[in-house]
file work23.cif (mmCIF, C-alpha atoms)
data_structure
loop_
_atom_site.label_atom_id
_atom_site.label_comp_id
_atom_site.auth_asym_id
_atom_site.auth_seq_id
_atom_site.Cartn_x
_atom_site.Cartn_y
_atom_site.Cartn_z
CA MET V 508 116.88 134.90 90.35
CA ASN V 509 118.60 131.64 89.53
CA ILE V 510 116.43 128.68 88.54
CA VAL V 511 118.28 125.38 88.17
CA LYS V 512 116.92 122.17 86.69
CA SER V 513 117.23 119.51 89.40
CA VAL V 514 115.96 116.06 90.31
CA LYS V 515 113.57 115.58 93.21
CA ILE V 516 113.79 112.14 94.82
CA GLU V 517 110.88 111.28 97.12
CA VAL V 518 110.91 108.21 99.30
CA ILE V 519 108.31 106.70 101.62
CA LEU V 520 109.83 104.15 103.95
CA GLU V 521 109.50 102.55 107.36
CA SER V 522 110.37 104.97 110.14
CA ILE V 523 112.70 102.47 111.78
CA GLN V 524 114.82 102.43 108.60
CA VAL V 525 115.16 106.22 108.32
CA GLU V 526 118.41 106.58 110.25
CA ARG V 527 120.22 104.05 108.05
CA PHE V 528 118.61 105.43 104.91
CA ILE V 529 119.90 108.92 105.64
CA GLU V 530 123.40 107.55 106.28
CA MET V 531 123.27 105.86 102.89
CA LEU V 532 121.87 108.99 101.20
CA GLU V 533 124.60 111.24 102.55
CA GLU V 534 127.33 108.77 101.63
CA ALA V 535 125.90 108.69 98.09
CA GLY V 536 126.27 112.45 97.75
CA ALA V 537 122.98 114.07 98.87
CA HIS V 538 123.72 117.33 100.66
CA GLY V 539 120.39 117.68 102.42
CA TYR V 540 116.91 116.31 102.76
CA THR V 541 113.51 117.10 104.28
CA LEU V 542 111.84 114.51 106.47
CA PHE V 543 108.23 114.13 107.56
CA GLY V 544 108.04 111.50 110.30
CA ASN V 545 105.08 109.44 111.52
CA ILE V 546 102.86 109.47 108.49
CA SER V 547 99.98 107.08 107.78
CA GLY V 548 98.91 105.34 104.60
CA LYS V 549 98.12 102.10 102.87
CA GLY V 550 100.23 100.16 100.41
CA GLN V 551 101.20 96.63 99.43
CA ASN V 552 101.93 95.77 103.05
CA GLY V 553 98.50 96.89 104.24
CA MET V 554 97.58 99.77 106.48
CA LEU V 555 100.46 101.51 108.18
CA ASP V 556 99.54 103.97 110.83
CA HIS V 557 101.68 106.11 113.03
CA ASN V 558 99.24 105.81 115.91
CA CYS V 559 100.99 102.76 117.31
CA ARG V 560 103.70 102.78 119.92
CA ALA V 561 105.49 100.08 118.01
CA LYS V 562 107.45 102.41 115.71
CA ILE V 563 107.60 99.44 113.41
CA PHE V 564 104.25 100.39 111.86
CA ALA V 565 105.03 104.05 111.25
CA ASN V 566 106.15 105.37 107.91
CA SER V 567 108.20 108.43 107.05
CA TYR V 568 108.36 110.58 103.95
CA LEU V 569 111.66 112.03 102.84
CA PHE V 570 112.67 114.07 99.83
CA THR V 571 115.92 115.43 98.55
CA ILE V 572 116.74 117.72 95.63
CA CYS V 573 119.96 117.06 93.77
CA SER V 574 121.68 117.35 90.42
CA GLU V 575 121.10 114.76 87.68
CA GLU V 576 124.63 113.44 88.26
CA VAL V 577 124.13 112.90 92.00
CA ALA V 578 120.70 111.34 91.34
CA GLN V 579 122.34 108.77 89.03
CA ASN V 580 124.59 107.82 91.93
CA ILE V 581 121.87 107.77 94.57
CA LEU V 582 119.07 105.90 92.78
CA PRO V 583 120.77 102.49 92.41
CA GLN V 584 121.60 102.60 96.11
CA ILE V 585 118.01 103.44 97.00
CA ALA V 586 116.86 100.51 94.86
CA LEU V 587 119.24 98.22 96.75
CA PHE V 588 118.07 99.60 100.10
CA LEU V 589 114.37 99.19 99.28
CA GLU V 590 114.93 95.60 98.10
CA ASP V 591 114.98 94.55 101.72
CA CYS V 592 112.45 96.84 103.33
CA SER V 593 109.11 98.09 102.19
CA GLY V 594 108.99 101.54 100.65
CA SER V 595 108.46 103.50 97.47
CA CYS V 596 110.63 105.92 95.55
CA PHE V 597 109.55 108.57 93.01
CA THR V 598 111.66 110.91 90.96
CA SER V 599 110.69 114.04 89.07
CA GLU V 600 112.36 116.94 87.36
CA VAL V 601 111.91 120.15 89.24
CA ASN V 602 112.90 123.77 88.92
CA HIS V 603 114.94 124.70 91.95
CA LEU V 604 115.02 128.37 92.87
CA LYS V 605 118.51 128.94 94.25
CA LEU V 606 118.78 132.00 96.43
CA MET N 542 97.01 70.23 148.04
CA ASN N 543 93.92 72.22 147.19
CA PHE N 544 93.13 71.74 143.52
CA LEU N 545 90.01 73.88 143.58
CA PHE N 546 90.69 76.90 141.46
CA ASP N 547 90.07 80.09 143.38
CA MET N 548 87.73 82.00 141.07
CA SER N 549 87.88 85.09 143.26
CA MET N 550 91.53 85.44 142.18
CA VAL N 551 90.46 85.43 138.53
CA THR N 552 87.58 87.83 139.01
CA GLY N 553 89.75 90.01 141.24
CA ASN N 554 92.30 90.22 138.43
CA ILE N 555 89.77 90.82 135.66
CA LEU N 556 87.88 93.41 137.69
CA SER N 557 91.02 95.40 138.50
CA PRO N 558 90.99 98.84 136.83
CA PRO N 559 94.08 98.26 134.60
CA VAL N 560 92.63 95.06 133.07
CA LEU N 561 89.18 96.65 132.70
CA PHE N 562 90.74 99.57 130.85
CA PHE N 563 92.41 97.08 128.53
CA PHE N 564 88.95 95.61 127.78
CA LEU N 565 87.61 99.12 127.26
CA GLY N 566 90.27 99.67 124.58
CA LEU N 567 89.31 96.42 122.83
CA ILE N 568 85.60 97.22 122.97
CA SER N 569 86.09 100.77 121.70
CA VAL N 570 87.69 99.43 118.51
CA ALA N 571 84.98 96.78 118.07
CA LEU N 572 82.35 99.54 118.34
CA LYS N 573 84.34 101.76 115.96
CA SER N 574 84.57 104.49 118.60
CA ASP N 575 86.96 107.38 117.97
CA LEU N 576 88.51 106.88 121.41
CA GLU N 577 92.23 107.43 120.99
CA ILE N 578 95.13 108.45 123.17
CA PRO N 579 97.09 111.01 121.20
CA GLN N 580 100.65 110.10 120.36
CA PRO N 581 103.21 110.40 121.83
CA LEU N 582 101.46 110.15 125.22
CA PRO N 583 101.46 106.31 125.31
CA LYS N 584 105.21 106.46 124.77
CA LEU N 585 105.44 108.73 127.82
CA PHE N 586 103.33 106.29 129.86
CA SER N 587 105.65 103.43 128.94
CA LEU N 588 108.72 105.52 129.83
CA TYR N 589 107.12 106.42 133.15
CA LEU N 590 106.31 102.79 133.96
CA LEU N 591 109.84 101.63 133.11
CA MET N 592 111.34 104.46 135.14
CA ASP N 593 109.14 103.73 138.14
CA ILE N 594 109.79 100.00 138.30
CA GLY N 595 113.51 100.59 137.58
CA LEU N 596 113.79 103.02 140.49
CA HIS N 597 111.75 100.72 142.71
CA GLY N 598 114.02 97.78 141.88
CA GLY N 599 117.12 99.92 142.40
CA HIS N 600 115.86 101.09 145.78
CA GLU N 601 115.28 97.48 146.87
CA LEU N 602 118.76 96.51 145.67
CA TYR N 603 120.16 99.44 147.67
CA HIS N 604 118.77 97.75 150.79
CA SER N 605 119.28 94.07 149.96
CA GLY N 606 122.67 94.39 148.24
CA PHE N 607 123.94 91.87 145.73
CA SER N 608 123.31 88.31 146.86
CA TRP N 609 123.72 84.76 145.61
CA GLU N 610 119.92 84.67 145.20
CA LEU N 611 120.12 87.59 142.77
CA VAL N 612 122.87 85.89 140.76
CA THR N 613 120.79 82.69 140.59
CA VAL N 614 117.71 84.61 139.39
CA LEU N 615 119.75 86.44 136.75
CA GLY N 616 121.25 83.13 135.58
CA ALA N 617 117.78 81.57 135.31
CA CYS N 618 116.50 84.62 133.38
CA PHE N 619 119.43 84.44 130.96
CA LEU N 620 118.94 80.70 130.47
CA MET N 621 115.22 81.04 129.66
CA ALA N 622 115.74 84.03 127.34
CA SER N 623 118.31 81.97 125.41
CA ILE N 624 116.47 78.66 125.08
CA ILE N 625 112.89 79.83 124.45
CA PRO N 626 113.71 81.31 121.01
CA ILE N 627 115.49 78.09 119.99
CA TYR N 628 112.63 75.65 120.49
CA SER N 629 110.05 78.24 119.41
CA PHE N 630 111.96 78.71 116.16
CA PHE N 631 111.88 75.02 115.26
CA ILE N 632 108.14 74.76 115.98
CA LEU N 633 107.41 77.90 113.95
CA ARG N 634 109.49 76.68 111.01
CA SER N 635 106.85 74.02 110.38
CA ARG N 636 104.58 76.84 109.23
CA PHE N 637 106.73 79.87 108.40
CA GLY N 638 109.96 80.66 106.58
CA SER N 639 113.09 81.14 108.66
CA ALA N 640 112.85 84.95 108.67
CA ASP N 641 109.37 85.05 110.22
CA ALA N 642 110.07 82.04 112.45
CA ALA N 643 113.21 83.72 113.84
CA ALA N 644 111.43 87.05 114.40
CA ILE N 645 108.39 85.50 116.15
CA ALA N 646 110.65 83.18 118.19
CA ALA N 647 112.70 86.18 119.37
CA THR N 648 109.57 88.01 120.54
CA PHE N 649 108.68 84.97 122.67
CA GLY N 650 112.21 84.76 124.06
CA SER N 651 112.09 88.36 125.16
CA ILE N 652 109.69 89.92 127.64
CA SER N 653 106.78 92.31 127.97
CA ALA N 654 107.47 94.87 130.68
CA VAL N 655 103.78 95.74 130.97
CA THR N 656 102.80 92.10 131.62
CA PHE N 657 105.43 92.12 134.37
CA ILE N 658 104.06 95.39 135.75
CA THR N 659 100.48 94.04 135.64
CA GLY N 660 101.80 91.04 137.58
CA ILE N 661 103.22 93.40 140.21
CA SER N 662 99.83 95.10 140.41
CA PHE N 663 98.19 91.65 140.89
CA LEU N 664 100.63 90.75 143.68
CA GLU N 665 99.94 94.04 145.43
CA ILE N 666 96.18 93.39 145.29
CA GLN N 667 96.76 89.88 146.71
CA GLU N 668 99.20 91.36 149.28
CA VAL N 669 101.94 88.94 148.22
CA PRO N 670 105.52 90.20 148.74
CA TYR N 671 108.05 90.19 145.90
CA LYS N 672 111.58 91.43 145.46
CA GLY N 673 112.33 94.51 143.39
CA TYR N 674 115.48 92.87 142.02
CA MET N 675 113.28 90.87 139.65
CA VAL N 676 113.43 94.05 137.56
CA ALA N 677 117.12 93.32 136.94
CA GLY N 678 116.09 89.92 135.58
CA MET N 679 113.60 91.62 133.29
CA ALA N 680 116.26 93.97 131.92
CA LEU N 681 118.57 91.02 131.32
CA MET N 682 115.94 89.02 129.42
CA GLU N 683 115.24 91.59 126.73
CA SER N 684 118.46 91.23 124.71
CA PRO N 685 119.57 87.57 124.35
CA ALA N 686 116.48 86.64 122.32
CA ILE N 687 117.38 89.18 119.64
CA ILE N 688 120.90 87.76 119.30
CA ILE N 689 119.64 84.15 119.25
CA GLY N 690 116.94 85.03 116.69
CA VAL N 691 119.45 86.60 114.32
CA LEU N 692 121.88 83.70 114.79
CA LEU N 693 119.12 81.20 113.96
CA TYR N 694 118.23 83.15 110.84
CA ASN N 695 121.90 83.32 109.81
CA ILE N 696 122.24 79.56 110.18
CA TYR N 697 118.96 78.46 108.56
CA GLY N 698 117.48 81.42 106.70
CA LYS N 699 120.44 82.49 104.64
CA LYS N 700 120.81 78.99 103.26
CA GLU N 701 117.16 79.06 102.18
CA GLN N 702 117.55 82.38 100.39
CA LYS N 703 121.19 81.90 99.32
CA SER N 704 121.76 85.42 100.59
CA LYS N 705 125.32 86.72 100.65
CA LYS N 706 124.47 89.93 102.49
CA LYS N 707 126.57 90.30 105.61
CA THR N 708 124.88 90.78 108.97
CA ASN N 709 125.72 94.10 110.57
CA TRP N 710 126.40 92.86 114.09
CA GLY N 711 127.32 96.34 115.31
CA HIS N 712 123.79 97.57 114.62
CA ILE N 713 122.20 94.42 116.02
CA LEU N 714 124.16 94.54 119.27
CA ARG N 715 123.37 98.23 119.65
CA ASP N 716 119.65 97.55 119.15
CA ALA N 717 119.78 94.56 121.49
CA PHE N 718 121.64 96.14 124.40
CA PHE N 719 121.12 99.89 124.08
CA ASN N 720 117.53 100.22 122.89
CA GLY N 721 115.53 102.89 124.73
CA SER N 722 113.65 100.51 127.03
CA ILE N 723 116.82 98.83 128.32
CA MET N 724 118.68 102.12 128.69
CA LEU N 725 115.88 103.60 130.80
CA LEU N 726 115.25 100.45 132.84
CA VAL N 727 118.91 99.78 133.65
CA GLY N 728 119.58 103.51 134.11
CA ALA N 729 116.66 103.88 136.56
CA LEU N 730 117.80 100.74 138.40
CA LEU N 731 121.29 102.22 138.86
CA ILE N 732 119.83 105.61 139.84
CA GLY N 733 117.64 103.83 142.41
CA ILE N 734 120.73 102.14 143.88
CA LEU N 735 122.84 105.31 143.88
CA SER N 736 120.19 107.67 145.25
CA GLY N 737 119.15 105.34 148.10
CA ASP N 738 116.39 106.18 150.57
CA LYS N 739 116.56 109.93 150.00
CA GLY N 740 116.08 109.52 146.25
CA TRP N 741 113.20 107.09 146.69
CA HIS N 742 111.52 109.39 149.23
CA ASP N 743 111.75 112.37 146.84
CA PHE N 744 110.27 110.21 144.09
CA GLN N 745 107.16 109.26 146.11
CA PRO N 746 104.71 111.80 144.61
CA PHE N 747 105.69 110.53 141.17
CA ASP N 748 105.30 106.90 142.26
CA SER N 749 101.80 107.48 143.63
CA ILE N 750 100.31 107.86 140.13
CA PHE N 751 101.62 104.45 139.00
CA LYS N 752 98.20 102.74 138.83
CA GLY N 753 96.64 105.60 136.87
CA MET N 754 99.46 105.56 134.33
CA LEU N 755 99.14 101.78 134.02
CA CYS N 756 95.40 102.20 133.31
CA PHE N 757 96.11 104.73 130.55
CA TYR N 758 98.77 102.50 129.07
CA LEU N 759 96.55 99.41 129.09
CA LEU N 760 93.69 101.37 127.54
CA ASP N 761 95.99 102.25 124.67
CA ASN N 762 97.26 98.66 124.52
CA GLY N 763 93.67 97.45 124.15
CA ILE N 764 93.07 99.85 121.25
CA VAL N 765 96.29 98.89 119.47
CA ALA N 766 95.84 95.15 120.11
CA ALA N 767 92.32 95.16 118.64
CA ARG N 768 93.50 97.02 115.54
CA ARG N 769 96.53 94.83 114.97
CA LEU N 770 94.78 91.50 115.48
CA LYS N 771 93.06 91.92 112.11
CA ALA N 772 96.44 91.45 110.39
CA LEU N 773 96.61 87.78 111.40
CA ARG N 774 93.91 86.59 109.02
CA GLY N 775 95.07 83.47 107.21
CA ASN N 776 97.41 82.31 109.98
CA LEU N 777 95.10 82.99 112.89
CA GLY N 778 94.41 79.33 113.76
CA PHE N 779 98.06 78.32 113.99
CA LEU N 780 99.25 81.52 115.63
CA LEU N 781 96.38 81.55 118.12
CA SER N 782 97.20 77.99 119.21
CA PHE N 783 100.93 78.68 119.30
CA SER N 784 100.50 81.94 121.20
CA ILE N 785 98.44 80.31 123.92
CA LEU N 786 100.25 76.97 124.21
CA MET N 787 103.75 78.47 124.16
CA PRO N 788 103.20 80.84 127.13
CA LEU N 789 101.63 77.94 129.05
CA PHE N 790 104.63 75.73 128.29
CA ASN N 791 107.12 78.48 129.10
CA ALA N 792 105.26 79.31 132.30
CA ALA N 793 105.35 75.63 133.34
CA LEU N 794 109.11 75.58 132.72
CA GLY N 795 109.40 78.85 134.64
CA ILE N 796 107.51 77.42 137.63
CA GLY N 797 109.75 74.33 137.55
CA ILE N 798 112.90 76.47 137.59
CA ALA N 799 111.44 78.74 140.29
CA TYR N 800 110.85 75.61 142.40
CA LEU N 801 114.40 74.35 141.81
CA ILE N 802 116.07 77.63 142.74
CA GLY N 803 113.74 78.24 145.69
CA LEU N 804 112.00 81.46 144.68
CA SER N 805 109.26 82.88 146.90
CA LYS N 806 105.70 82.81 145.51
CA GLY N 807 105.73 86.48 144.51
CA ASN N 808 109.11 86.24 142.79
CA ALA N 809 108.09 82.97 141.14
CA LEU N 810 105.05 84.63 139.56
CA LEU N 811 107.15 87.49 138.21
CA PHE N 812 109.77 85.05 136.86
CA CYS N 813 106.98 82.98 135.33
CA LEU N 814 105.54 86.07 133.62
CA LEU N 815 108.96 86.94 132.23
CA THR N 816 109.21 83.50 130.64
CA ALA N 817 105.59 83.46 129.41
CA SER N 818 105.39 86.96 127.92
CA ALA N 819 106.44 88.19 124.49
CA SER N 820 107.92 91.53 123.47
CA TYR N 821 105.84 93.77 121.21
CA ILE N 822 107.92 96.94 121.02
CA ALA N 823 111.69 96.50 121.23
CA VAL N 824 112.13 93.04 119.70
CA PRO N 825 109.84 93.35 116.65
CA ALA N 826 111.62 96.59 115.73
CA ALA N 827 115.08 95.11 116.29
CA MET N 828 114.21 91.97 114.30
CA ARG N 829 112.76 94.00 111.45
CA LEU N 830 116.02 95.90 111.22
CA ALA N 831 118.17 92.79 111.56
CA ILE N 832 116.03 90.54 109.33
CA PRO N 833 114.21 92.81 106.87
CA LYS N 834 112.54 89.79 105.27
CA SER N 835 110.58 89.16 108.48
CA ASN N 836 107.04 90.47 108.45
CA PRO N 837 106.11 92.72 111.40
CA ALA N 838 102.45 91.99 110.66
CA PHE N 839 103.05 88.71 112.54
CA THR N 840 105.29 89.67 115.45
CA VAL N 841 103.36 92.62 116.91
CA PRO N 842 99.81 91.23 116.60
CA VAL N 843 100.88 87.89 118.09
CA ALA N 844 102.68 89.44 121.05
CA LEU N 845 100.23 92.25 121.69
CA GLY N 846 96.97 90.85 120.36
CA ILE N 847 97.15 87.30 121.74
CA VAL N 848 99.96 86.66 124.23
CA PHE N 849 99.55 89.89 126.19
CA PRO N 850 95.76 89.63 126.81
CA PHE N 851 96.05 85.89 127.47
CA ASN N 852 98.69 86.46 130.15
CA VAL N 853 96.95 89.44 131.69
CA ILE N 854 93.47 87.93 131.81
CA VAL N 855 94.03 84.17 132.23
CA GLY N 856 97.76 83.67 132.74
CA ILE N 857 98.44 85.72 135.85
CA PRO N 858 95.78 84.09 138.09
CA LEU N 859 96.39 80.65 136.54
CA TYR N 860 100.19 80.77 137.00
CA TYR N 861 99.77 82.06 140.54
CA TYR N 862 97.31 79.29 141.33
CA LEU N 863 99.82 76.68 140.09
CA ILE N 864 102.61 78.37 142.04
CA GLN N 865 100.51 78.20 145.20
CA GLN N 866 100.00 74.47 144.62
CA ILE N 867 103.62 73.64 143.86
CA LEU N 868 105.87 76.00 145.84
#

call {"tool": "encode", "arguments": {"input": "work23.cif", "output": "structure tokens"}}
result
Amino acid sequence: MNIVKSVKIEVILESIQVERFIEMLEEAGAHGYTLFGNISGKGQNGMLDHNCRAKIFANSYLFTICSEEVAQNILPQIALFLEDCSGSCFTSEVNHLKL
Amino acid sequence: MNFLFDMSMVTGNILSPPVLFFFLGLISVALKSDLEIPQPLPKLFSLYLLMDIGLHGGHELYHSGFSWELVTVLGACFLMASIIPIYSFFILRSRFGSADAAAIAATFGSISAVTFITGISFLEIQEVPYKGYMVAGMALMESPAIIIGVLLYNIYGKKEQKSKKKTNWGHILRDAFFNGSIMLLVGALLIGILSGDKGWHDFQPFDSIFKGMLCFYLLDNGIVAARRLKALRGNLGFLLSFSILMPLFNAALGIGIAYLIGLSKGNALLFCLLTASASYIAVPAAMRLAIPKSNPAFTVPVALGIVFPFNVIVGIPLYYYLIQQIL
């Protein structure tokens, strides 16, 4: 069993921005991610619900696990990305069980 | 000229099942009912409607061929889609920043396919003929407004915000010309032309459920419109006035152009609806991507919550009445 200390980066952002966000993430060094599309919630921009054909009001949740070094590279770019569109980013230290 | 407004046309429109289902959607939200059409079914309904009218238009083009009349209609559609966002933008800038003004202006420059389809349903009830090639005009009108909106923001908005970020025109052009609605509409139009009578005949069972699908779609539209309208608090007075006066003005321009280029009454109504409607799916999304500072809480509620019901309930019979008087 190999447990590695890693950084978990979680992002909630507008679904229409996901494609470009993933492009940015991969260019910044993330090797993979998990995406939950069409989620609902309420934040600074009011209620966002996925139950609207206009994809513009749907949010997505995405997380990636990476090394501290890669996280240092990714986070400034996420900050830049989220400057323009609504979204939130959280980071935490996690134990990653590598199989 | 008969200036007496034919109320039976209005009641006939309001009492048609698609419009009544739209009301049902509105009422269900007001009564806090849990009525809901599960996603992604409404998306399927919209794809079906676009496919059906695309194929129908293509089939008509297969018979009529390309004519000078078609070129004139396409030119008029392109002209209106290009100028509406410009004057809308300058009116909206009196109240909003350039980002929101450009995004709302672009939604008015573009079109609502479902308003167009409801217009077709109205013409069929009134037994007024129209040409399927108007669908080509609709496809053409969706994109220019996005380009004009972004250009207006680049000229006026970037100065306001002193932004040095470069516009990614590749993404914008892709969103403007290859978004899902346009791909399906233009694709179905071409398939309708290529497959001819045989293709259209095979498609008939699918076409026969058109009204039912439109009812489902408008029911969902009513639910979404009622929910989204709440977001306009604070700007409701201005946006309500703008969203009613602008379609009326655009429709008047549309009728004038239809008169000048000699459109038939049915085609004139459809052209008029293209000029008077506002996009609530493709354009708000494209503008949000192109101008992230624009607030989608304005574009969608305005287009779906005000312009769409106004056109469907009041606009269609009113525009047709004026067309009957003038053409």

call {"tool": "resolve_selection", "arguments": {"input": "work23.cif", "expression": "the PyMOL selection byres ((chain N and resi 596-601) around 6)", "output": "CSV table (one decimal) with C-alpha atoms, in the coordinates of the input"}}
result
chain,number,residue,atom,x,y,z
N,593,ASP,CA,109.1,103.7,138.1
N,594,ILE,CA,109.8,100.0,138.3
N,595,GLY,CA,113.5,100.6,137.6
N,602,LEU,CA,118.8,96.5,145.7
N,603,TYR,CA,120.2,99.4,147.7
N,604,HIS,CA,118.8,97.8,150.8
N,673,GLY,CA,112.3,94.5,143.4
N,674,TYR,CA,115.5,92.9,142.0
N,676,VAL,CA,113.4,94.0,137.6
N,729,ALA,CA,116.7,103.9,136.6
N,730,LEU,CA,117.8,100.7,138.4
N,731,LEU,CA,121.3,102.2,138.9
N,733,GLY,CA,117.6,103.8,142.4
N,734,ILE,CA,120.7,102.1,143.9
N,737,GLY,CA,119.2,105.3,148.1

call {"tool": "resolve_selection", "arguments": {"input": "work23.cif", "expression": "the PyMOL selection byres ((chain V and resi 524) around 10)", "output": "list in words"}}
result
Leu520, Glu521, Ser522, Ile523, Val525, Glu526, Arg527, Phe528, Ile529, Ile563, Asn566, Ser567, Phe588, Leu589, Cys592, Ser593 and Gly594 of chain V; Ala826, Arg829, Leu830 and Pro833 of chain N

call {"tool": "resolve_selection", "arguments": {"input": "work23.cif", "expression": "the PyMOL selection byres ((chain N and resi 806-814) around 6)", "output": "compact mmCIF listing (two decimals) with C-alpha atoms, keeping the file's coordinate frame"}}
result
# COMPACT_ATOMS: atom_id res chain seq x y z
CA VAL N 669 101.94 88.94 148.22
CA PRO N 670 105.52 90.20 148.74
CA TYR N 671 108.05 90.19 145.90
CA ALA N 792 105.26 79.31 132.30
CA GLY N 795 109.40 78.85 134.64
CA ALA N 799 111.44 78.74 140.29
CA LEU N 804 112.00 81.46 144.68
CA SER N 805 109.26 82.88 146.90
CA LEU N 815 108.96 86.94 132.23
CA THR N 816 109.21 83.50 130.64
CA ALA N 817 105.59 83.46 129.41
CA SER N 818 105.39 86.96 127.92
CA TYR N 861 99.77 82.06 140.54

call {"tool": "interface_residues", "arguments": {"input": "work23.cif", "of": "chain N", "to": "chain V", "cutoff": "9 Å", "atoms": "only C-alpha atoms", "output": "PDB file with C-alpha atoms, in the coordinates of the input"}}
result
ATOM      1  CA  GLU N 577      92.230 107.430 120.990  1.00  0.00           C
ATOM      2  CA  ILE N 578      95.130 108.450 123.170  1.00  0.00           C
ATOM      3  CA  PRO N 579      97.090 111.010 121.200  1.00  0.00           C
ATOM      4  CA  GLN N 580     100.650 110.100 120.360  1.00  0.00           C
ATOM      5  CA  PRO N 581     103.210 110.400 121.830  1.00  0.00           C
ATOM      6  CA  PRO N 583     101.460 106.310 125.310  1.00  0.00           C
ATOM      7  CA  LYS N 584     105.210 106.460 124.770  1.00  0.00           C
ATOM      8  CA  ASP N 761      95.990 102.250 124.670  1.00  0.00           C
ATOM      9  CA  ASN N 762      97.260  98.660 124.520  1.00  0.00           C
ATOM     10  CA  VAL N 765      96.290  98.890 119.470  1.00  0.00           C
ATOM     11  CA  ALA N 772      96.440  91.450 110.390  1.00  0.00           C
ATOM     12  CA  TYR N 821     105.840  93.770 121.210  1.00  0.00           C
ATOM     13  CA  ILE N 822     107.920  96.940 121.020  1.00  0.00           C
ATOM     14  CA  ALA N 823     111.690  96.500 121.230  1.00  0.00           C
ATOM     15  CA  PRO N 825     109.840  93.350 116.650  1.00  0.00           C
ATOM     16  CA  ALA N 826     111.620  96.590 115.730  1.00  0.00           C
ATOM     17  CA  ALA N 827     115.080  95.110 116.290  1.00  0.00           C
ATOM     18  CA  ARG N 829     112.760  94.000 111.450  1.00  0.00           C
ATOM     19  CA  LEU N 830     116.020  95.900 111.220  1.00  0.00           C
ATOM     20  CA  ILE N 832     116.030  90.540 109.330  1.00  0.00           C
ATOM     21  CA  PRO N 833     114.210  92.810 106.870  1.00  0.00           C
ATOM     22  CA  LYS N 834     112.540  89.790 105.270  1.00  0.00           C
ATOM     23  CA  PRO N 837     106.110  92.720 111.400  1.00  0.00           C
ATOM     24  CA  ALA N 838     102.450  91.990 110.660  1.00  0.00           C
ATOM     25  CA  VAL N 841     103.360  92.620 116.910  1.00  0.00           C
TER      26      VAL N 841
END

call {"tool": "residues_around", "arguments": {"input": "work23.cif", "residues": "Tyr694 in chain N", "least_positions_apart": "5", "cutoff": "8 Å", "atoms": "all atoms listed in the file", "output": "JSON, numbers by chain"}}
result
{"N": [639, 640, 643, 699, 832]}

call {"tool": "closest_residue", "arguments": {"input": "work23.cif", "among": "V:Ser513, V:Lys549, V:Val518, V:Ser595", "to": "Cys573 in chain V", "atoms": "all atoms listed in the file"}}
result
V:Ser513

call {"tool": "atom_distance", "arguments": {"input": "work23.cif", "atom1": "CA of Lys512 in chain V", "atom2": "CA of Phe597 in chain V"}}
result
16.7 Å

call {"tool": "atom_distance", "arguments": {"input": "work23.cif", "atom1": "CA of Thr571 in chain V", "atom2": "CA of Gln584 in chain V"}}
result
14.2 Å

call {"tool": "atom_distance", "arguments": {"input": "work23.cif", "atom1": "CA of Ser835 in chain N", "atom2": "CA of Ala644 in chain N"}}
result
6.3 Å

call {"tool": "decode", "arguments": {"input": "work23.cif", "residues": "range 823-844 of chain N", "atoms": "C-alpha atoms", "output": "tab-separated table (two decimals), in the first residue's frame"}}
result
chain	number	residue	atom	x	y	z
N	823	ALA	CA	-27.48	30.11	-28.18
N	824	VAL	CA	-26.69	33.82	-27.93
N	825	PRO	CA	-26.68	34.26	-24.12
N	826	ALA	CA	-24.27	31.31	-23.86
N	827	ALA	CA	-22.05	32.59	-26.67
N	828	MET	CA	-22.00	36.11	-25.21
N	829	ARG	CA	-21.21	34.83	-21.74
N	830	LEU	CA	-18.21	33.01	-23.17
N	831	ALA	CA	-17.12	35.93	-25.33
N	832	ILE	CA	-17.82	38.66	-22.74
N	833	PRO	CA	-17.51	37.04	-19.30
N	834	LYS	CA	-18.31	40.37	-17.63
N	835	SER	CA	-21.84	40.25	-19.06
N	836	ASN	CA	-24.48	39.01	-16.65
N	837	PRO	CA	-26.65	36.15	-17.94
N	838	ALA	CA	-29.23	37.06	-15.29
N	839	PHE	CA	-30.30	39.81	-17.74
N	840	THR	CA	-30.09	38.16	-21.16
N	841	VAL	CA	-32.09	34.97	-20.56
N	842	PRO	CA	-34.93	36.43	-18.44
N	843	VAL	CA	-35.40	39.32	-20.89
N	844	ALA	CA	-35.50	37.10	-23.97
